>>> print(open('upload37.txt').read())   # compact mmCIF, C-alpha atoms and all ligand atoms
# COMPACT_ATOMS: atom_id res chain seq x y z
CA MET A 89 7.53 -8.85 26.51
CA LEU A 90 5.45 -6.83 23.99
CA GLU A 91 5.37 -3.87 26.42
CA LYS A 92 9.18 -3.92 26.74
CA THR A 93 10.23 -4.56 23.13
CA GLY A 94 7.25 -3.49 21.03
CA VAL A 95 7.54 -6.84 19.25
CA ALA A 96 4.78 -9.41 19.53
CA THR A 97 5.75 -12.80 20.98
CA GLU A 98 5.10 -16.11 19.23
CA GLN A 99 2.29 -16.77 21.72
CA ASP A 100 0.68 -13.40 20.90
CA LEU A 101 0.91 -14.11 17.19
CA ALA A 102 -0.42 -17.67 17.50
CA ARG A 103 -3.69 -16.21 18.87
CA VAL A 104 -4.28 -13.96 15.84
CA THR A 105 -2.80 -15.90 12.91
CA PRO A 106 -5.38 -17.24 10.42
CA SER A 107 -5.09 -21.00 9.91
CA LYS A 108 -3.02 -22.34 7.01
CA GLU A 109 -6.25 -23.69 5.47
CA ARG A 110 -7.90 -20.25 5.63
CA ARG A 111 -4.83 -18.55 4.18
CA ALA A 112 -4.86 -21.02 1.29
CA LYS A 113 -8.38 -19.87 0.35
CA GLY A 114 -7.55 -16.22 -0.41
CA PRO A 115 -6.88 -12.79 1.10
CA VAL A 116 -7.47 -12.42 4.82
CA ALA A 117 -6.80 -9.75 7.44
CA VAL A 118 -4.28 -10.41 10.20
CA ILE A 119 -4.95 -8.14 13.18
CA GLU A 120 -1.91 -7.78 15.44
CA CYS A 121 -3.51 -5.51 18.05
CA PHE A 122 -2.78 -6.74 21.56
CA GLN A 123 -3.27 -3.83 23.96
CA ARG A 124 -6.51 -2.67 25.47
CA ILE A 125 -6.93 0.93 24.31
CA PRO A 126 -10.06 3.02 23.56
CA CYS A 127 -10.09 2.48 19.77
CA ASN A 128 -12.43 0.80 17.27
CA PRO A 129 -12.12 2.19 13.68
CA CYS A 130 -11.25 -1.31 12.41
CA GLN A 131 -14.62 -2.60 13.59
CA THR A 132 -16.63 0.30 12.16
CA ALA A 133 -14.77 0.05 8.81
CA CYS A 134 -15.52 -3.65 8.36
CA LYS A 135 -18.65 -3.99 6.21
CA THR A 136 -18.87 -7.78 6.35
CA GLY A 137 -19.12 -8.05 10.13
CA ALA A 138 -15.93 -10.12 10.22
CA ILE A 139 -14.64 -7.92 13.05
CA LYS A 140 -17.06 -8.57 15.86
CA GLU A 141 -18.77 -5.72 17.64
CA PHE A 142 -16.89 -4.47 20.71
CA LYS A 143 -18.66 -4.84 24.05
CA ASP A 144 -16.30 -2.26 25.52
CA ILE A 145 -14.40 0.41 23.51
CA ASN A 146 -11.19 -0.88 25.17
CA ASP A 147 -11.66 -4.40 23.79
CA THR A 148 -9.02 -5.80 21.45
CA PRO A 149 -10.57 -6.76 18.08
CA GLU A 150 -11.86 -10.26 17.49
CA ILE A 151 -12.07 -11.39 13.88
CA ASP A 152 -13.87 -14.25 12.18
CA HIS A 153 -11.33 -15.08 9.48
CA ASP A 154 -13.91 -17.08 7.51
CA ALA A 155 -16.15 -13.99 7.19
CA CYS A 156 -13.25 -11.75 6.10
CA THR A 157 -13.00 -10.99 2.36
CA GLY A 158 -9.58 -9.37 2.61
CA CYS A 159 -10.97 -6.07 1.29
CA GLY A 160 -8.36 -4.11 3.28
CA LEU A 161 -10.69 -1.35 4.53
CA CYS A 162 -9.59 -2.05 8.09
CA VAL A 163 -5.90 -1.75 7.12
CA SER A 164 -6.18 1.88 6.08
CA SER A 165 -8.57 2.72 8.96
CA CYS A 166 -6.40 1.48 11.83
CA PRO A 167 -4.50 4.35 13.49
CA GLY A 168 -2.25 1.82 15.23
CA LEU A 169 -1.02 0.33 11.89
CA SER A 170 -1.80 -3.05 13.44
CA ILE A 171 -3.49 -4.77 10.50
CA VAL A 172 -2.18 -6.35 7.29
CA VAL A 173 -3.95 -8.39 4.63
CA VAL A 174 -2.18 -11.53 3.45
CA ASP A 175 -3.04 -13.29 0.15
CA GLU A 176 -1.19 -16.57 -0.27
CA THR A 177 -3.11 -17.34 -3.49
CA TYR A 178 -1.45 -14.43 -5.32
CA SER A 179 0.81 -16.66 -7.46
CA GLU A 180 2.61 -20.02 -7.44
CA GLU A 181 5.69 -18.65 -5.68
CA GLU A 182 4.62 -15.36 -4.12
CA ALA A 183 2.14 -14.00 -1.62
CA LEU A 184 0.68 -10.50 -1.64
CA VAL A 185 0.97 -8.60 1.65
CA LYS A 186 -0.87 -5.29 2.05
CA ILE A 187 0.74 -3.15 4.74
CA PRO A 188 -0.09 0.33 6.06
CA TYR A 189 2.69 2.84 5.28
CA GLU A 190 2.90 6.32 6.79
CA PHE A 191 6.31 7.56 5.66
CA LEU A 192 7.19 9.88 2.79
CA PRO A 193 8.14 9.42 0.06
CA LEU A 194 5.79 6.57 -0.67
CA PRO A 195 7.37 3.73 -2.64
CA GLU A 196 6.61 3.56 -6.35
CA ALA A 197 4.61 0.73 -7.90
CA GLY A 198 7.00 -1.54 -9.79
CA SER A 199 10.01 -0.74 -7.58
CA PHE A 200 11.84 -3.19 -5.34
CA VAL A 201 12.18 -2.67 -1.59
CA THR A 202 13.62 -4.61 1.32
CA GLY A 203 11.05 -6.56 3.32
CA LEU A 204 11.60 -6.29 7.10
CA ASP A 205 10.26 -8.49 9.89
CA ARG A 206 8.52 -7.25 13.05
CA GLU A 207 11.91 -6.41 14.60
CA GLY A 208 12.98 -4.41 11.55
CA LYS A 209 15.45 -7.03 10.32
CA PRO A 210 15.75 -7.43 6.51
CA VAL A 211 14.33 -10.78 5.45
CA CYS A 212 13.69 -10.62 1.71
CA ARG A 213 13.37 -8.50 -1.38
CA ALA A 214 9.80 -7.41 -2.11
CA LYS A 215 8.22 -5.91 -5.21
CA VAL A 216 5.79 -3.02 -4.80
CA VAL A 217 2.73 -4.04 -6.77
CA LYS A 218 0.38 -1.19 -5.89
CA VAL A 219 0.24 1.91 -3.69
CA LEU A 220 -3.20 3.04 -2.56
CA ASN A 221 -3.24 6.60 -1.24
CA THR A 222 -6.66 8.21 -0.85
CA LYS A 223 -5.02 11.32 0.73
CA SER A 224 -7.86 11.27 3.27
CA MET A 225 -6.79 12.42 6.76
CA ASP A 226 -8.27 9.33 8.38
CA ARG A 227 -6.96 6.77 5.89
CA THR A 228 -3.39 5.45 5.90
CA PRO A 229 -1.80 4.66 2.49
CA VAL A 230 -1.65 0.93 1.81
CA VAL A 231 1.28 -0.66 -0.01
CA SER A 232 0.77 -4.04 -1.69
CA LEU A 233 3.92 -6.15 -1.80
CA ALA A 234 4.74 -9.36 -3.65
CA VAL A 235 6.98 -11.42 -1.34
CA PRO A 236 8.22 -15.03 -1.39
CA LYS A 237 5.31 -17.17 -0.17
CA ASP A 238 7.11 -18.35 2.97
CA MET A 239 7.54 -14.69 4.02
CA SER A 240 3.81 -13.87 4.07
CA MET A 241 3.55 -14.08 7.85
CA THR A 242 6.96 -12.47 8.43
CA VAL A 243 7.16 -9.27 6.36
CA ARG A 244 5.48 -6.41 8.21
CA PHE A 245 7.60 -3.35 7.28
CA ILE A 246 9.69 -2.21 4.34
CA LYS A 247 12.81 -0.15 3.72
CA LEU A 248 13.09 1.80 0.50
CA ASN A 249 16.23 1.27 -1.54
CA ASP A 250 17.50 4.79 -1.94
CA TYR A 251 21.17 4.03 -2.64
CA PHE A 252 21.05 2.17 -5.96
CA SER A 253 18.09 2.68 -8.27
CA ASP A 254 16.69 -0.25 -10.22
CA ASN A 255 18.32 1.21 -13.36
CA THR A 256 21.85 1.09 -11.93
CA ILE A 257 24.07 -1.25 -13.98
CA VAL A 258 25.56 -3.90 -11.69
CA CYS A 259 27.42 -5.99 -14.29
CA ARG A 260 28.76 -3.78 -17.07
CA CYS A 261 30.00 -6.68 -19.19
CA GLU A 262 26.64 -8.47 -19.32
CA GLU A 263 24.50 -5.34 -18.69
CA LEU A 264 22.65 -6.69 -15.66
CA THR A 265 20.71 -3.92 -13.88
CA MET A 266 20.05 -3.70 -10.15
CA GLY A 267 16.32 -4.14 -10.86
CA GLU A 268 17.00 -7.40 -12.73
CA LEU A 269 19.31 -8.58 -9.94
CA ARG A 270 16.64 -7.78 -7.31
CA GLU A 271 14.04 -9.70 -9.30
CA LEU A 272 16.36 -12.76 -9.47
CA ILE A 273 17.05 -12.63 -5.71
CA ARG A 274 13.33 -12.35 -5.06
CA LYS A 275 12.79 -15.47 -7.19
CA GLY A 276 15.21 -17.38 -4.93
CA TYR A 277 18.60 -17.10 -6.66
CA ASN A 278 20.48 -16.39 -3.46
CA THR A 279 24.14 -17.16 -4.20
CA VAL A 280 26.58 -15.40 -6.50
CA ASP A 281 27.04 -18.59 -8.54
CA GLU A 282 23.28 -18.99 -9.05
CA ILE A 283 23.00 -15.36 -10.20
CA LYS A 284 26.00 -15.90 -12.48
CA ARG A 285 24.52 -19.01 -14.11
CA ILE A 286 21.10 -17.48 -14.75
CA SER A 287 22.23 -13.99 -15.82
CA ARG A 288 25.88 -14.42 -16.96
CA ALA A 289 26.88 -11.63 -14.52
CA GLY A 290 30.57 -12.08 -13.79
CA MET A 291 31.27 -14.06 -16.97
CA GLY A 292 32.36 -11.09 -19.10
CA PRO A 293 35.87 -9.73 -19.69
CA CYS A 294 36.26 -8.35 -16.16
CA GLN A 295 35.44 -11.75 -14.64
CA GLY A 296 33.24 -10.29 -11.92
CA ARG A 297 35.69 -7.80 -10.45
CA THR A 298 33.02 -5.09 -10.36
CA CYS A 299 29.79 -6.97 -9.95
CA ARG A 300 30.72 -9.78 -7.55
CA GLN A 301 30.89 -7.50 -4.51
CA LEU A 302 27.73 -5.61 -5.50
CA ILE A 303 25.80 -8.85 -5.99
CA MET A 304 26.96 -10.12 -2.59
CA GLN A 305 25.95 -6.84 -0.91
CA GLU A 306 22.51 -7.04 -2.48
CA ILE A 307 22.00 -10.71 -1.51
CA ALA A 308 23.11 -9.90 2.06
CA ALA A 309 20.69 -6.95 2.32
CA ALA A 310 17.79 -8.85 0.78
CA THR A 311 18.16 -12.03 2.81
CA GLY A 312 19.39 -10.59 6.11
CA THR A 313 22.61 -12.63 5.85
CA LYS A 314 26.03 -11.34 6.89
CA MET A 315 28.43 -10.89 3.94
CA ALA A 316 30.92 -13.15 5.78
CA ASP A 317 28.37 -15.98 5.82
CA LEU A 318 27.68 -15.88 2.07
CA THR A 319 29.18 -18.47 -0.24
CA VAL A 320 31.88 -16.86 -2.37
CA SER A 321 31.63 -17.56 -6.11
CA THR A 322 33.98 -19.93 -7.89
CA TYR A 323 37.22 -18.28 -9.08
CA ARG A 324 38.95 -19.76 -12.09
CA PRO A 325 42.16 -18.66 -13.76
CA PRO A 326 43.07 -16.38 -15.44
CA VAL A 327 42.43 -13.84 -12.69
CA LYS A 328 42.96 -10.96 -15.18
CA PRO A 329 42.08 -10.54 -18.88
CA VAL A 330 44.73 -12.32 -20.98
CA LYS A 331 45.03 -12.44 -24.79
CA LEU A 332 44.66 -15.91 -26.29
CA GLY A 333 47.93 -15.30 -28.10
CA THR A 334 49.65 -14.81 -24.77
CA ILE A 335 48.29 -18.10 -23.47
CA ALA A 336 49.32 -19.87 -26.65
CA GLY A 337 52.73 -18.30 -27.00
CA GLY A 338 53.73 -17.38 -23.45
CA GLU A 339 54.76 -13.91 -22.29
CA HIS A 340 58.24 -12.35 -22.45
CA GLY A 341 59.41 -15.35 -24.44
CA GLU A 342 58.43 -17.82 -21.66
S1 LIG B 401 -10.15 -7.03 5.38
FE1 LIG B 401 -12.23 -6.19 5.02
S2 LIG B 401 -13.59 -7.91 5.54
FE2 LIG B 401 -11.59 -8.41 6.43
S3 LIG B 401 -11.69 -7.65 8.52
FE3 LIG B 401 -10.79 -6.01 7.28
S4 LIG B 401 -12.53 -4.70 6.68
FE4 LIG B 401 -13.38 -6.67 7.41
S1 LIG B 402 -8.31 0.25 14.81
FE1 LIG B 402 -6.29 -0.75 14.98
S2 LIG B 402 -5.45 -0.08 16.97
FE2 LIG B 402 -7.66 0.37 16.98
S3 LIG B 402 -8.56 -1.46 17.93
FE3 LIG B 402 -8.64 -1.79 15.72
S4 LIG B 402 -6.73 -2.93 15.26
FE4 LIG B 402 -6.50 -2.03 17.32
>>> encode(input="upload37.txt", output="C-alpha cells", more="lines below")
Ligand code: SF4
Ligand code: SF4
Amino acid sequence: MLEKTGVATEQDLARVTPSKERRAKGPVAVIECFQRIPCNPCQTACKTGAIKEFKDINDTPEIDHDACTGCGLCVSSCPGLSIVVVDETYSEEEALVKIPYEFLPLPEAGSFVTGLDREGKPVCRAKVVKVLNTKSMDRTPVVSLAVPKDMSMTVRFIKLNDYFSDNTIVCRCEELTMGELRELIRKGYNTVDEIKRISRAGMGPCQGRTCRQLIMQEIAAATGTKMADLTVSTYRPPVKPVKLGTIAGGEHGE
C-alpha cells in the first residue's frame, strides 16, 4: 500500500506512534520511516541515544520514546522528511507539531496556514509559531505549528495561504480581518453562526452579504469540508437595509 500510494497505512502508523501516555508527558519524535534504505543521519544526530544504533545501514530506525527529549535534531537531519516532533502539552487546547519544510518561501512566524494530512487533504487551520532555518546544506528548515490538540497525529504538511493575507478585511461592517477569522476557526468556531455570535461578522448594515461567503470558504478550506455540507447561517428579514421610518410608515403610501 505504502509503495503504491506513498501514504502510510494505519498498521504502519500503529507501529511507530508514541503511546497516549508518553505524548501526554511532553515533546516526542514520531519517526514515519518504513522503507529499508541505506540512510542513518537520524541516528547519528540523536544525542540522547533514543534512536537505537543500526546493526545494518539499511535498517529502519527504532526509537525509545521514553528516552526522547523532543529536541528535534533528528527532524532537521532526516533527508527523507520522515520525522516530526509532537508536543501535546503545548497548551490546554493546542498541540505543537514541528515539521520539516523544504519549500520556498518559508512561512512567516505568526501567520496562519492550512494543516494537511498525510494525503495532502486540508484538515485544520494552523498557526506558525516558529521557523528554524540554519541555512546549513545538511539541515532542513523546521516549522513549528500550533494545531488543535486532536490534530497532533494527523497534520504532517502545510499549505501557505497566498490568496488572502491575514490583514484582508472579511467583514467590512464589523472590521473582522482574515487573520482574526482564521484564529477563531482554529479555536473551534466552525459554523457561520458561531463566527457571527463571537465576532459580530454579518450583523452590520450589509447583513453578511459580503462576508458570509468568505467565512464559509475559509471554514471549508480549514476543515476540509465541502461548501455544500456546511450549515448556512440564519437569515432574518429584512434582506436589504431598510430605514426605520420605512418600516414604521410603509413605502409608497402602503
Ligand atoms: S527528538 Fe531529539 S532526542 Fe528525540 S529522537 Fe530526535 S534527536 Fe533524539
Ligand atoms: S534519516 Fe530519515 S530517512 Fe534516513 S533512516 Fe532516519 S528517518 Fe529514515
>>> closest_atom_pairs(input="upload37.txt", of="range 210-255 of chain A", to="range 298-313 of chain A", cutoff="12 Å", atoms="all atoms listed in the file", output="tab-separated table")
residue	atom	partner	partner_atom	distance
A:Pro210	CA	A:Gly312	CA	4.8
A:Val211	CA	A:Thr311	CA	4.8
A:Cys212	CA	A:Ala310	CA	4.6
A:Arg213	CA	A:Ala310	CA	4.9
A:Ala214	CA	A:Ala310	CA	8.6
A:Lys215	CA	A:Ala310	CA	11.7
A:Val235	CA	A:Ala310	CA	11.3
A:Pro236	CA	A:Thr311	CA	11.2
A:Met239	CA	A:Thr311	CA	11.0
A:Val243	CA	A:Thr311	CA	11.9
A:Ile246	CA	A:Ala310	CA	11.1
A:Lys247	CA	A:Ala310	CA	10.4
A:Leu248	CA	A:Ala310	CA	11.6
A:Asn249	CA	A:Ala309	CA	10.1
A:Tyr251	CA	A:Glu306	CA	11.2
A:Phe252	CA	A:Glu306	CA	10.0
A:Asp254	CA	A:Glu306	CA	11.8
>>> closest_residue(input="upload37.txt", among="A:Lys314, A:Arg270, A:His153, A:Arg103", to="ligand LIG 401 (chain B)", atoms="all atoms listed in the file")
A:His153
>>> residues_near_ligand(input="upload37.txt", ligand="ligand LIG 402 (chain B)", cutoff="12 Å", atoms="all atoms listed in the file", output="MDAnalysis selection string")
chainID A and resid 104 117:134 139:142 144:151 161:172 188 226:228
>>> closest_residue(input="upload37.txt", among="A:Thr136, A:Ser107, A:Thr256, A:Thr322", to="ligand LIG 401 (chain B)", atoms="all atoms listed in the file")
A:Thr136
>>> atom_distance(input="upload37.txt", atom1="CA of Arg244 in chain A", atom2="CA of Tyr277 in chain A")
22.5 Å
>>> closest_residue(input="upload37.txt", among="A:Cys259, A:Leu204, A:Met241, A:Val231", to="Ile283 in chain A", atoms="all atoms listed in the file")
A:Cys259
>>> closest_residue(input="upload37.txt", among="A:Arg110, A:Lys218, A:Lys135, A:Arg285", to="ligand LIG 401 (chain B)", atoms="only C-alpha atoms and all ligand atoms")
A:Lys135
>>> axis_aligned_box(input="upload37.txt", around="ligand LIG 401 (chain B)", padding_each_side="5 Å", output="AutoDock Vina command-line options")
--center_x -11.9 --center_y -6.6 --center_z 6.8 --size_x 13.4 --size_y 13.7 --size_z 13.5
>>> atom_distance(input="upload37.txt", atom1="atom FE1 of ligand LIG 401 (chain B)", atom2="CA of Gly160 in chain A")
4.7 Å
>>> build_atoms(input="upload37.txt", residues="range 102-113 of chain A", atoms="N, CA and C atoms", output="PDB file, in the coordinates of the input")
ATOM      1  N   ALA A 102       0.329 -16.422  17.705  1.00  0.00           N
ATOM      2  CA  ALA A 102      -0.420 -17.670  17.500  1.00  0.00           C
ATOM      3  C   ALA A 102      -1.920 -17.412  17.703  1.00  0.00           C
ATOM      4  N   ARG A 103      -2.264 -16.476  18.576  1.00  0.00           N
ATOM      5  CA  ARG A 103      -3.690 -16.210  18.870  1.00  0.00           C
ATOM      6  C   ARG A 103      -4.396 -15.503  17.700  1.00  0.00           C
ATOM      7  N   VAL A 104      -3.631 -14.790  16.867  1.00  0.00           N
ATOM      8  CA  VAL A 104      -4.280 -13.960  15.840  1.00  0.00           C
ATOM      9  C   VAL A 104      -3.992 -14.408  14.402  1.00  0.00           C
ATOM     10  N   THR A 105      -3.184 -15.451  14.262  1.00  0.00           N
ATOM     11  CA  THR A 105      -2.800 -15.900  12.910  1.00  0.00           C
ATOM     12  C   THR A 105      -3.909 -16.755  12.290  1.00  0.00           C
ATOM     13  N   PRO A 106      -4.381 -16.391  11.097  1.00  0.00           N
ATOM     14  CA  PRO A 106      -5.380 -17.240  10.420  1.00  0.00           C
ATOM     15  C   PRO A 106      -4.773 -18.609  10.124  1.00  0.00           C
ATOM     16  N   SER A 107      -5.608 -19.646  10.144  1.00  0.00           N
ATOM     17  CA  SER A 107      -5.090 -21.000   9.910  1.00  0.00           C
ATOM     18  C   SER A 107      -4.501 -21.098   8.498  1.00  0.00           C
ATOM     19  N   LYS A 108      -3.630 -22.086   8.327  1.00  0.00           N
ATOM     20  CA  LYS A 108      -3.020 -22.340   7.010  1.00  0.00           C
ATOM     21  C   LYS A 108      -4.129 -22.588   5.978  1.00  0.00           C
ATOM     22  N   GLU A 109      -5.147 -23.342   6.396  1.00  0.00           N
ATOM     23  CA  GLU A 109      -6.250 -23.690   5.470  1.00  0.00           C
ATOM     24  C   GLU A 109      -6.980 -22.418   5.036  1.00  0.00           C
ATOM     25  N   ARG A 110      -7.214 -21.499   5.990  1.00  0.00           N
ATOM     26  CA  ARG A 110      -7.900 -20.250   5.630  1.00  0.00           C
ATOM     27  C   ARG A 110      -7.029 -19.415   4.714  1.00  0.00           C
ATOM     28  N   ARG A 111      -5.732 -19.364   5.003  1.00  0.00           N
ATOM     29  CA  ARG A 111      -4.830 -18.550   4.180  1.00  0.00           C
ATOM     30  C   ARG A 111      -4.751 -19.103   2.760  1.00  0.00           C
ATOM     31  N   ALA A 112      -4.931 -20.406   2.628  1.00  0.00           N
ATOM     32  CA  ALA A 112      -4.860 -21.020   1.290  1.00  0.00           C
ATOM     33  C   ALA A 112      -6.099 -20.717   0.454  1.00  0.00           C
ATOM     34  N   LYS A 113      -7.139 -20.147   1.089  1.00  0.00           N
ATOM     35  CA  LYS A 113      -8.380 -19.870   0.350  1.00  0.00           C
ATOM     36  C   LYS A 113      -8.401 -18.476  -0.287  1.00  0.00           C
TER      37      LYS A 113
END
